[in-house]
Amino acid sequence: MHTQKQWFETWFDTNYYHTLYQHRDYKEAQFFINNLMNYLKLPQPSTILDLACGKGRHSLQLAEMGHQVLGVDLSPNSIGLAKELIHKNLNLTFGVQDMRTPLVDQKFDAILNLFTSFGYFDDTHDNLKVLTAIESMLNPGGLFVIDFLNPTIVKNNLVAKETKELDGITFDITRKIESNKIVKSIRINDNGATSEYYEKVQAIDLNDFESLIDQTNLTITDVFGNYQLEAFDEETSNRLILVGSTIAGNKKLQ
């Protein structure tokens, strides 16, 4: 039986997605990666999985730091663009993969899930599937990083409507909170051809993450609130960045 595709399976695989977000601040992303790697102090070379890697810019940066990097994403379009980077660094590979499903027989020293690439699913149990997959793919003592939005800040500063004109294309964007999800509707007018896409991200807060991670053999070791890696404050922090690791023994049986 063919089921209807979820929003992230269609939207991320369009050229419109890349047009709308073409002005993303890559200097900020680079700044974050540099801070993060200075903090994690991974030995070189380490094996790193960039989980939901998009076009792979951050995977490339990690590879250029001397690490062996695999970037995976559900979007064939994004992975196709990412593969164009491989000639720049031989430590880099990419593949199409659903983050809920672990890679078979592959283990990593660190797994990074960056720039709000979590909480996309209608079924909240899928969040646990992602964390369980991360757990299964980490080497003993391996590290994970989840860089998520701070739902409190997003809710308090929600821009209900805006219009953007990019490359001759009009994007009419509306935002709302619905069933504890941050829902963005994107109506597109491309020379008279119209289409509509959505982004739906669960408003997962720190308590929710802690409850999820308590069901795994992962543990949170640090929580940061911005790309400067300053302490998390629910009322003022722009980001919710979790750093953690696998733990010895079976937490669930203790």
# chains A, B, ... in the order shown; residues from 1 in each chain; ligands from 1
$ residues_around --residues "A:Glu178" --least-positions-apart "4" --cutoff "12 Å" --atoms "only C-alpha atoms" --output "NGL selection string"
:A and (122 or 155 or 182-185 or 199-203)
$ write_last_selection --atoms "C-alpha atoms" --output "PDB file, in the first residue's frame"
ATOM      1  CA  ASP A 122       4.021  12.823  13.261  1.00  0.00           C
ATOM      2  CA  LYS A 155       6.860  30.282  20.519  1.00  0.00           C
ATOM      3  CA  ILE A 182       5.798  24.572  15.084  1.00  0.00           C
ATOM      4  CA  VAL A 183       4.098  24.570  11.683  1.00  0.00           C
ATOM      5  CA  LYS A 184       5.375  26.657   8.786  1.00  0.00           C
ATOM      6  CA  SER A 185       3.278  26.830   5.623  1.00  0.00           C
ATOM      7  CA  GLU A 199       7.608  22.312   7.766  1.00  0.00           C
ATOM      8  CA  LYS A 200       6.372  20.717  10.997  1.00  0.00           C
ATOM      9  CA  VAL A 201       8.796  20.432  13.888  1.00  0.00           C
ATOM     10  CA  GLN A 202       7.778  19.127  17.290  1.00  0.00           C
ATOM     11  CA  ALA A 203       8.271  21.643  20.096  1.00  0.00           C
TER      12      ALA A 203
END
$ select_by_dssp --residues "stretch 130-227 of chain A" --states "alpha helix (DSSP H)" --output "ChimeraX atom specification"
/A:130-137,151-156,206-213
$ closest_residue --among "A:Gln68, A:Gln30, A:Thr14, A:Ser211" --to "A:Ile48" --atoms "only C-alpha atoms"
A:Gln68
$ residues_around --residues "stretch 132-136 of chain A" --least-positions-apart "2" --cutoff "10 Å" --atoms "only C-alpha atoms" --output "PyMOL selection string"
chain A and resi 49+51+99-108+110-113+126-130+138-140+142-144+212-213+215-218+245-247
$ write_last_selection --atoms "C-alpha atoms" --output "CSV table (one decimal), in the first residue's frame"
chain,number,residue,atom,x,y,z
A,49,LEU,CA,28.3,10.6,11.2
A,51,LEU,CA,23.0,12.7,10.5
A,99,MET,CA,17.6,8.6,10.5
A,100,ARG,CA,15.2,6.3,12.2
A,101,THR,CA,17.0,3.3,10.8
A,102,PRO,CA,20.6,2.5,11.9
A,103,LEU,CA,23.3,1.9,9.4
A,104,VAL,CA,24.2,-1.8,9.4
A,105,ASP,CA,27.7,-2.8,10.7
A,106,GLN,CA,28.9,0.8,10.9
A,107,LYS,CA,30.1,2.4,14.1
A,108,PHE,CA,31.2,6.0,14.8
A,110,ALA,CA,30.7,10.8,17.2
A,111,ILE,CA,27.3,11.4,15.7
A,112,LEU,CA,26.2,15.0,15.0
A,113,ASN,CA,22.6,16.0,14.3
A,126,ASP,CA,9.9,8.0,16.0
A,127,ASN,CA,12.0,10.4,18.1
A,128,LEU,CA,13.0,7.4,20.3
A,129,LYS,CA,13.8,5.4,17.1
A,130,VAL,CA,16.3,8.1,16.1
A,138,LEU,CA,28.1,4.8,18.5
A,139,ASN,CA,31.3,3.1,19.6
A,140,PRO,CA,31.6,2.5,23.4
A,142,GLY,CA,31.1,7.6,21.7
A,143,LEU,CA,29.8,11.2,21.7
A,144,PHE,CA,26.6,12.6,20.2
A,212,LEU,CA,13.5,10.3,25.7
A,213,ILE,CA,17.2,9.8,26.5
A,215,GLN,CA,14.9,5.3,27.7
A,216,THR,CA,18.2,4.6,26.0
A,217,ASN,CA,21.8,3.9,27.0
A,218,LEU,CA,22.8,7.4,26.2
A,245,SER,CA,27.7,9.9,25.2
A,246,THR,CA,27.1,6.2,25.5
A,247,ILE,CA,27.3,4.8,29.0
$ closest_atom_pairs --of "stretch 61-110 of chain A" --to "stretch 31-34 of chain A" --cutoff "10 Å" --atoms "only C-alpha atoms" --output "JSON lines"
{"residue": "A:Gln61", "atom": "CA", "partner": "A:Ile33", "partner_atom": "CA", "distance": 7.9}
{"residue": "A:Leu62", "atom": "CA", "partner": "A:Ile33", "partner_atom": "CA", "distance": 7.8}
{"residue": "A:Met65", "atom": "CA", "partner": "A:Asn34", "partner_atom": "CA", "distance": 9.2}
$ write_last_selection --atoms "C-alpha atoms" --output "PDB file, in the first residue's frame"
ATOM      1  CA  GLN A  61      34.227  21.147   7.242  1.00  0.00           C
ATOM      2  CA  LEU A  62      34.607  18.177   9.592  1.00  0.00           C
ATOM      3  CA  MET A  65      39.632  19.010  10.151  1.00  0.00           C
TER       4      MET A  65
END
$ residues_around --residues "A:Pro76" --least-positions-apart "6" --cutoff "10 Å" --atoms "only C-alpha atoms" --output "VMD selection string"
chain A and resid 9 12 to 14 54 82 95 to 97
$ residues_around --residues "A:Ala160" --least-positions-apart "5" --cutoff "10 Å" --atoms "only C-alpha atoms" --output "list in words"
Ile173, Thr174, Arg175, Lys176, Ile177 and Lys184 of chain A
